[in-house]
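First up is the structure itself, then whatever we jot down about it.
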Amino acid sequence: MKDLPLVLLHAFPVDARMWDAVRAPLSERLRLITPDQRGLGRSPLPETDREPDLDDAARDVVALLDRLELDKVVLGGCSMGGYLTMAVLRLAPERVGGLVFIDTKATADTPEAAQARHDVAARVEAEGAGWMPEAVTPGLLAEKARPEVAERLRELITTQPPSGIAWAARAMAARPDSLETLRSADVPALVVVGEEDGLTPLEAANTLVETLPDATLVVLPEAGHLTPLEDPAGVVEAILGWYPA
């Protein structure tokens, strides 16, 4: 596994720039690939009449691996990126040689959570993304997160296309439970969680660890839901400490 490239998939509602602070130290030791999900960052939203579905985003990831001529990678992501990783695992498990789950969970949304995502999608289509930082930052960052981290998050959110945010929100609302998929994932896995993550807390991380056949847990103190932004050094240390195993 130590010779496999690492593909990291970003969280919602941002793009691959959320990996900026971990990119250089990880790239010194391994090949790192950080794509934007469809509709976010520099990745266009394909014209389609299909309902938003993370399986389509998973096909994008597999197509990227094909273009890069990569038969197998270590695949992971933060939050929504974790959901997308599970979708790829359902679609093409033979392409995955290891897993990295950062501040994410394997269960589907409750009806209430799914409705909240649909409400976000409708509002962002109507009003744009300017209102989102105030609405979502308290859930995404630890209470004592540094002001520059909150400002960076604001920039990442407000530069996203509303159509891409809406598509991603609806796709996440429709995602299935992935526990059975993870039970059959017979590859090494790393689970990282911020100690103060209120959206996918330690309990959710422990469920991942208990479900995966071969998982290592790392808890990052004083960090919330977006640990790559809040504690990039901790995320790098967790990944590099686990990777050669």
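Each chain in the structure tokens gets a letter, A, B and so on, in the order shown; residues start at 1 in every chain, and ligands are counted from 1 in the order they appear.
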
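Note that DSSP on the backbone gives alpha helix (DSSP H) to these residues of region 60-105 of chain A: Asp60, Val61, Val62, Ala63, Leu64, Leu65, Asp66, Arg67, Met80, Gly81, Gly82, Tyr83, Leu84, Thr85, Met86, Ala87, Val88, Leu89, Arg90 and Leu91 of chain A.
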
Same residues, N, CA, C and O atoms, output as an mmCIF file, in the first residue's frame:
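The resulting file, part37.cif, is shown below:
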data_model
loop_
_atom_site.group_PDB
_atom_site.id
_atom_site.type_symbol
_atom_site.label_atom_id
_atom_site.label_comp_id
_atom_site.auth_asym_id
_atom_site.auth_seq_id
_atom_site.Cartn_x
_atom_site.Cartn_y
_atom_site.Cartn_z
ATOM 1 N N ASP A 60 -17.217 10.032 -11.660
ATOM 2 C CA ASP A 60 -16.220 11.049 -12.004
ATOM 3 C C ASP A 60 -14.848 10.672 -11.443
ATOM 4 O O ASP A 60 -13.823 10.839 -12.108
ATOM 5 N N VAL A 61 -14.828 10.192 -10.194
ATOM 6 C CA VAL A 61 -13.557 9.818 -9.559
ATOM 7 C C VAL A 61 -12.913 8.651 -10.300
ATOM 8 O O VAL A 61 -11.708 8.669 -10.587
ATOM 9 N N VAL A 62 -13.707 7.647 -10.639
ATOM 10 C CA VAL A 62 -13.173 6.489 -11.358
ATOM 11 C C VAL A 62 -12.660 6.917 -12.739
ATOM 12 O O VAL A 62 -11.601 6.461 -13.197
ATOM 13 N N ALA A 63 -13.379 7.826 -13.396
ATOM 14 C CA ALA A 63 -12.928 8.336 -14.704
ATOM 15 C C ALA A 63 -11.600 9.074 -14.566
ATOM 16 O O ALA A 63 -10.727 8.979 -15.445
ATOM 17 N N LEU A 64 -11.432 9.807 -13.462
ATOM 18 C CA LEU A 64 -10.162 10.487 -13.206
ATOM 19 C C LEU A 64 -9.032 9.473 -13.036
ATOM 20 O O LEU A 64 -7.942 9.634 -13.609
ATOM 21 N N LEU A 65 -9.283 8.412 -12.287
ATOM 22 C CA LEU A 65 -8.263 7.369 -12.116
ATOM 23 C C LEU A 65 -7.907 6.751 -13.468
ATOM 24 O O LEU A 65 -6.729 6.468 -13.748
ATOM 25 N N ASP A 66 -8.913 6.559 -14.312
ATOM 26 C CA ASP A 66 -8.658 6.003 -15.642
ATOM 27 C C ASP A 66 -7.768 6.950 -16.461
ATOM 28 O O ASP A 66 -6.813 6.504 -17.109
ATOM 29 N N ARG A 67 -8.082 8.244 -16.408
ATOM 30 C CA ARG A 67 -7.288 9.221 -17.174
ATOM 31 C C ARG A 67 -5.846 9.264 -16.682
ATOM 32 O O ARG A 67 -4.919 9.438 -17.476
ATOM 33 N N MET A 80 -18.280 15.257 3.339
ATOM 34 C CA MET A 80 -18.856 14.816 2.067
ATOM 35 C C MET A 80 -17.864 13.979 1.266
ATOM 36 O O MET A 80 -18.253 13.031 0.573
ATOM 37 N N GLY A 81 -16.579 14.317 1.366
ATOM 38 C CA GLY A 81 -15.569 13.512 0.681
ATOM 39 C C GLY A 81 -15.539 12.077 1.171
ATOM 40 O O GLY A 81 -15.220 11.158 0.413
ATOM 41 N N GLY A 82 -15.873 11.875 2.437
ATOM 42 C CA GLY A 82 -15.995 10.521 2.957
ATOM 43 C C GLY A 82 -17.200 9.805 2.372
ATOM 44 O O GLY A 82 -17.124 8.620 2.025
ATOM 45 N N TYR A 83 -18.323 10.522 2.246
ATOM 46 C CA TYR A 83 -19.502 9.916 1.618
ATOM 47 C C TYR A 83 -19.192 9.517 0.179
ATOM 48 O O TYR A 83 -19.615 8.454 -0.293
ATOM 49 N N LEU A 84 -18.456 10.389 -0.504
ATOM 50 C CA LEU A 84 -18.099 10.097 -1.895
ATOM 51 C C LEU A 84 -17.139 8.910 -1.971
ATOM 52 O O LEU A 84 -17.239 8.078 -2.880
ATOM 53 N N THR A 85 -16.229 8.825 -1.013
ATOM 54 C CA THR A 85 -15.332 7.665 -0.950
ATOM 55 C C THR A 85 -16.130 6.371 -0.815
ATOM 56 O O THR A 85 -15.829 5.365 -1.478
ATOM 57 N N MET A 86 -17.156 6.381 0.026
ATOM 58 C CA MET A 86 -17.993 5.187 0.191
ATOM 59 C C MET A 86 -18.744 4.865 -1.097
ATOM 60 O O MET A 86 -18.927 3.683 -1.436
ATOM 61 N N ALA A 87 -19.148 5.892 -1.836
ATOM 62 C CA ALA A 87 -19.818 5.656 -3.119
ATOM 63 C C ALA A 87 -18.868 5.016 -4.126
ATOM 64 O O ALA A 87 -19.256 4.112 -4.885
ATOM 65 N N VAL A 88 -17.607 5.464 -4.149
ATOM 66 C CA VAL A 88 -16.610 4.841 -5.030
ATOM 67 C C VAL A 88 -16.377 3.395 -4.612
ATOM 68 O O VAL A 88 -16.234 2.501 -5.456
ATOM 69 N N LEU A 89 -16.362 3.154 -3.313
ATOM 70 C CA LEU A 89 -16.146 1.801 -2.808
ATOM 71 C C LEU A 89 -17.273 0.862 -3.241
ATOM 72 O O LEU A 89 -17.030 -0.315 -3.534
ATOM 73 N N ARG A 90 -18.493 1.377 -3.313
ATOM 74 C CA ARG A 90 -19.604 0.578 -3.824
ATOM 75 C C ARG A 90 -19.449 0.313 -5.316
ATOM 76 O O ARG A 90 -19.742 -0.789 -5.802
ATOM 77 N N LEU A 91 -19.000 1.335 -6.037
ATOM 78 C CA LEU A 91 -18.941 1.270 -7.503
ATOM 79 C C LEU A 91 -17.759 0.454 -8.003
ATOM 80 O O LEU A 91 -17.894 -0.333 -8.950
#

Report as a PyMOL selection string all protein, DNA and RNA residues lying within 10 Å of Met132 (chain A), evaluated on only C-alpha atoms, omitting residues in the same chain fewer than 6 positions from it. chain A and resi 13+120+123-124+154+157-158

Within 12 Å of Met172 (chain A), counting only C-alpha atoms, which residues qualify if same-chain residues fewer than 6 places away don't, as JSON, numbers by chain? {"A": [11, 12, 13, 51, 52, 53, 54, 55, 56, 57, 79, 80, 81, 82, 83, 84, 86, 87, 105, 106, 107, 108, 109, 110, 113, 114, 115, 116, 117, 118, 120, 121, 165, 166]}

Can you write just those residues out, C-alpha atoms, as an mmCIF file, in the first residue's frame?
data_model
loop_
_atom_site.group_PDB
_atom_site.id
_atom_site.type_symbol
_atom_site.label_atom_id
_atom_site.label_comp_id
_atom_site.auth_asym_id
_atom_site.auth_seq_id
_atom_site.Cartn_x
_atom_site.Cartn_y
_atom_site.Cartn_z
ATOM 1 C CA ALA A 11 -15.867 18.526 2.157
ATOM 2 C CA PHE A 12 -19.097 20.494 1.604
ATOM 3 C CA PRO A 13 -19.564 23.332 0.726
ATOM 4 C CA GLU A 51 -31.510 13.582 -9.904
ATOM 5 C CA PRO A 52 -28.368 14.514 -7.941
ATOM 6 C CA ASP A 53 -26.646 11.303 -6.844
ATOM 7 C CA LEU A 54 -23.203 10.755 -5.339
ATOM 8 C CA ASP A 55 -22.897 7.669 -7.565
ATOM 9 C CA ASP A 56 -22.435 10.059 -10.502
ATOM 10 C CA ALA A 57 -19.692 11.896 -8.601
ATOM 11 C CA SER A 79 -17.108 14.875 5.500
ATOM 12 C CA MET A 80 -18.856 14.816 2.067
ATOM 13 C CA GLY A 81 -15.569 13.512 0.681
ATOM 14 C CA GLY A 82 -15.995 10.521 2.957
ATOM 15 C CA TYR A 83 -19.502 9.916 1.618
ATOM 16 C CA LEU A 84 -18.099 10.097 -1.895
ATOM 17 C CA MET A 86 -17.993 5.187 0.191
ATOM 18 C CA ALA A 87 -19.818 5.656 -3.119
ATOM 19 C CA LYS A 105 -19.925 8.965 8.979
ATOM 20 C CA ALA A 106 -21.338 5.884 7.308
ATOM 21 C CA THR A 107 -25.044 6.247 8.068
ATOM 22 C CA ALA A 108 -27.651 7.863 5.825
ATOM 23 C CA ASP A 109 -29.381 11.136 6.698
ATOM 24 C CA THR A 110 -32.439 11.117 8.909
ATOM 25 C CA ALA A 113 -31.383 16.061 8.039
ATOM 26 C CA ALA A 114 -32.249 15.288 4.412
ATOM 27 C CA GLN A 115 -34.959 17.963 4.440
ATOM 28 C CA ALA A 116 -32.467 20.467 5.880
ATOM 29 C CA ARG A 117 -30.138 19.756 2.944
ATOM 30 C CA HIS A 118 -32.976 20.325 0.465
ATOM 31 C CA VAL A 120 -30.092 24.668 1.861
ATOM 32 C CA ALA A 121 -30.174 23.769 -1.832
ATOM 33 C CA ILE A 165 -23.620 23.625 -3.729
ATOM 34 C CA ALA A 166 -27.261 22.781 -4.424
#

Neighbour list for Ile239 (chain A) as a PDB file with N, CA and C atoms, in the first residue's frame, cut-off 10 Å, only C-alpha atoms, skip fewer than 5 positions in-chain:
ATOM      1  N   LEU A   6      -2.313   8.753  -3.094  1.00  0.00           N
ATOM      2  CA  LEU A   6      -3.405   9.114  -2.188  1.00  0.00           C
ATOM      3  C   LEU A   6      -4.320  10.109  -2.881  1.00  0.00           C
ATOM      4  N   LEU A  26       2.416  16.366   2.616  1.00  0.00           N
ATOM      5  CA  LEU A  26       2.049  15.026   2.144  1.00  0.00           C
ATOM      6  C   LEU A  26       2.750  14.709   0.824  1.00  0.00           C
ATOM      7  N   VAL A 100      -9.089   6.492   3.836  1.00  0.00           N
ATOM      8  CA  VAL A 100      -8.869   7.540   4.832  1.00  0.00           C
ATOM      9  C   VAL A 100     -10.194   8.278   5.021  1.00  0.00           C
ATOM     10  N   LEU A 190      -7.829   4.390   7.802  1.00  0.00           N
ATOM     11  CA  LEU A 190      -7.525   5.380   8.829  1.00  0.00           C
ATOM     12  C   LEU A 190      -8.771   6.219   9.056  1.00  0.00           C
ATOM     13  N   VAL A 191      -9.139   6.400  10.318  1.00  0.00           N
ATOM     14  CA  VAL A 191     -10.279   7.235  10.684  1.00  0.00           C
ATOM     15  C   VAL A 191      -9.756   8.372  11.558  1.00  0.00           C
ATOM     16  N   VAL A 192      -9.952   9.612  11.094  1.00  0.00           N
ATOM     17  CA  VAL A 192      -9.508  10.802  11.813  1.00  0.00           C
ATOM     18  C   VAL A 192     -10.745  11.613  12.195  1.00  0.00           C
ATOM     19  N   VAL A 218      -7.574   8.068  14.934  1.00  0.00           N
ATOM     20  CA  VAL A 218      -6.799   9.196  15.458  1.00  0.00           C
ATOM     21  C   VAL A 218      -7.777  10.318  15.803  1.00  0.00           C
ATOM     22  N   ALA A 233      -1.437  20.080  10.522  1.00  0.00           N
ATOM     23  CA  ALA A 233      -0.274  19.293  10.963  1.00  0.00           C
ATOM     24  C   ALA A 233      -0.707  17.978  11.592  1.00  0.00           C
ATOM     25  N   GLY A 234      -1.801  18.013  12.349  1.00  0.00           N
ATOM     26  CA  GLY A 234      -2.309  16.787  12.952  1.00  0.00           C
ATOM     27  C   GLY A 234      -2.801  15.793  11.908  1.00  0.00           C
ATOM     28  N   PRO A 244       2.537   3.902   5.857  1.00  0.00           N
ATOM     29  CA  PRO A 244       3.433   2.791   5.481  1.00  0.00           C
ATOM     30  C   PRO A 244       3.006   1.440   6.044  1.00  0.00           C
TER      31      PRO A 244
END

Write out as a VMD selection string which residues come within 9 Å of Pro161 (chain A) when counting only C-alpha atoms, dropping same-chain ones fewer than 4 positions away. chain A and resid 39 to 41 128 to 129 165 to 166

Limited to C-alpha atoms, could you put the picked residues into a file as a PDB file, in the first residue's frame?
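Done, and the output landed in selection_0.pdb:
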ATOM      1  CA  GLY A  39     -20.022  21.647  -9.692  1.00  0.00           C
ATOM      2  CA  LEU A  40     -17.528  22.916  -7.098  1.00  0.00           C
ATOM      3  CA  GLY A  41     -14.184  24.686  -7.454  1.00  0.00           C
ATOM      4  CA  GLY A 128     -26.493  32.650  -3.685  1.00  0.00           C
ATOM      5  CA  ALA A 129     -23.927  31.498  -1.119  1.00  0.00           C
ATOM      6  CA  ILE A 165     -23.620  23.625  -3.729  1.00  0.00           C
ATOM      7  CA  ALA A 166     -27.261  22.781  -4.424  1.00  0.00           C
TER       8      ALA A 166
END

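Residues with any atom within 10 Å of Pro201 (chain A), counting only C-alpha atoms and excluding same-chain neighbours fewer than 3 positions away, are Asp103, Thr104, Lys105, Val193, Gly194, Glu195, Glu196, Asp197, Gly198, Ala204, Ala205, Asn206, Gly224 and His225 of chain A.
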
Output of the above residues as a PDB file, in the first residue's frame, restricted to N, CA and C atoms:
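Saved as result-v4.pdb:
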ATOM      1  N   ASP A 103     -13.481  12.995   9.623  1.00  0.00           N
ATOM      2  CA  ASP A 103     -14.692  13.702  10.061  1.00  0.00           C
ATOM      3  C   ASP A 103     -15.875  13.379   9.152  1.00  0.00           C
ATOM      4  N   THR A 104     -16.256  12.109   9.150  1.00  0.00           N
ATOM      5  CA  THR A 104     -17.359  11.679   8.302  1.00  0.00           C
ATOM      6  C   THR A 104     -18.103  10.553   9.011  1.00  0.00           C
ATOM      7  N   LYS A 105     -19.144  10.038   8.378  1.00  0.00           N
ATOM      8  CA  LYS A 105     -19.925   8.965   8.979  1.00  0.00           C
ATOM      9  C   LYS A 105     -20.482   8.065   7.886  1.00  0.00           C
ATOM     10  N   VAL A 193     -10.774  12.109  13.428  1.00  0.00           N
ATOM     11  CA  VAL A 193     -11.914  12.919  13.856  1.00  0.00           C
ATOM     12  C   VAL A 193     -11.435  14.018  14.793  1.00  0.00           C
ATOM     13  N   GLY A 194     -12.014  15.206  14.651  1.00  0.00           N
ATOM     14  CA  GLY A 194     -11.766  16.292  15.588  1.00  0.00           C
ATOM     15  C   GLY A 194     -12.498  16.023  16.889  1.00  0.00           C
ATOM     16  N   GLU A 195     -11.811  16.245  17.980  1.00  0.00           N
ATOM     17  CA  GLU A 195     -12.395  15.986  19.299  1.00  0.00           C
ATOM     18  C   GLU A 195     -13.668  16.795  19.515  1.00  0.00           C
ATOM     19  N   GLU A 196     -13.766  17.968  18.888  1.00  0.00           N
ATOM     20  CA  GLU A 196     -14.931  18.839  19.060  1.00  0.00           C
ATOM     21  C   GLU A 196     -15.848  18.830  17.837  1.00  0.00           C
ATOM     22  N   ASP A 197     -15.751  17.792  17.031  1.00  0.00           N
ATOM     23  CA  ASP A 197     -16.616  17.674  15.854  1.00  0.00           C
ATOM     24  C   ASP A 197     -18.041  17.394  16.317  1.00  0.00           C
ATOM     25  N   GLY A 198     -18.932  18.361  16.085  1.00  0.00           N
ATOM     26  CA  GLY A 198     -20.317  18.181  16.487  1.00  0.00           C
ATOM     27  C   GLY A 198     -21.196  17.573  15.409  1.00  0.00           C
ATOM     28  N   ALA A 204     -19.550   8.691  15.874  1.00  0.00           N
ATOM     29  CA  ALA A 204     -19.642   8.282  14.465  1.00  0.00           C
ATOM     30  C   ALA A 204     -18.323   7.684  13.990  1.00  0.00           C
ATOM     31  N   ALA A 205     -17.209   8.266  14.451  1.00  0.00           N
ATOM     32  CA  ALA A 205     -15.889   7.734  14.093  1.00  0.00           C
ATOM     33  C   ALA A 205     -15.705   6.333  14.673  1.00  0.00           C
ATOM     34  N   ASN A 206     -16.147   6.143  15.902  1.00  0.00           N
ATOM     35  CA  ASN A 206     -16.038   4.818  16.524  1.00  0.00           C
ATOM     36  C   ASN A 206     -16.861   3.781  15.767  1.00  0.00           C
ATOM     37  N   GLY A 224     -12.567  20.853  15.267  1.00  0.00           N
ATOM     38  CA  GLY A 224     -13.957  20.569  14.980  1.00  0.00           C
ATOM     39  C   GLY A 224     -14.120  19.657  13.781  1.00  0.00           C
ATOM     40  N   HIS A 225     -15.058  20.007  12.894  1.00  0.00           N
ATOM     41  CA  HIS A 225     -15.440  19.120  11.795  1.00  0.00           C
ATOM     42  C   HIS A 225     -14.494  19.196  10.601  1.00  0.00           C
TER      43      HIS A 225
END

Where does DSSP see strand (DSSP E) in region 146-198 of chain A, if you list the residues as a VMD selection string? chain A and resid 189 to 194

Please provide the set of residues having any atom within 7 Å of region 209-211 of chain A, restricted to only C-alpha atoms, with same-chain residues fewer than 5 positions apart removed, written as a PyMOL selection string. chain A and resi 179+182-183+191+216-217

Generate the output file for the selected residues, C-alpha atoms, as a compact mmCIF listing (two decimals), in the first residue's frame.
# COMPACT_ATOMS: atom_id res chain seq x y z
CA LEU A 179 -22.19 0.26 6.82
CA LEU A 182 -17.55 -0.82 4.82
CA ARG A 183 -17.88 -4.25 6.43
CA VAL A 191 -10.28 7.24 10.68
CA THR A 216 -6.90 2.88 13.00
CA LEU A 217 -8.46 5.80 14.90

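CA of Gly76 (chain A) sits 14.8 Å away from CA of Glu94 (chain A).
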
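A straight line drawn from CA of Lys72 (chain A) to CA of Pro25 (chain A) is 22.1 Å long.
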
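If only C-alpha atoms are the atoms counted, then among A:Arg29, A:Val219, A:Asp186, A:Cys78 the closest residue to Glu203 (chain A) is A:Val219.
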
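In this structure, CA of Leu226 (chain A) sits 29.3 Å away from CA of Asp71 (chain A).
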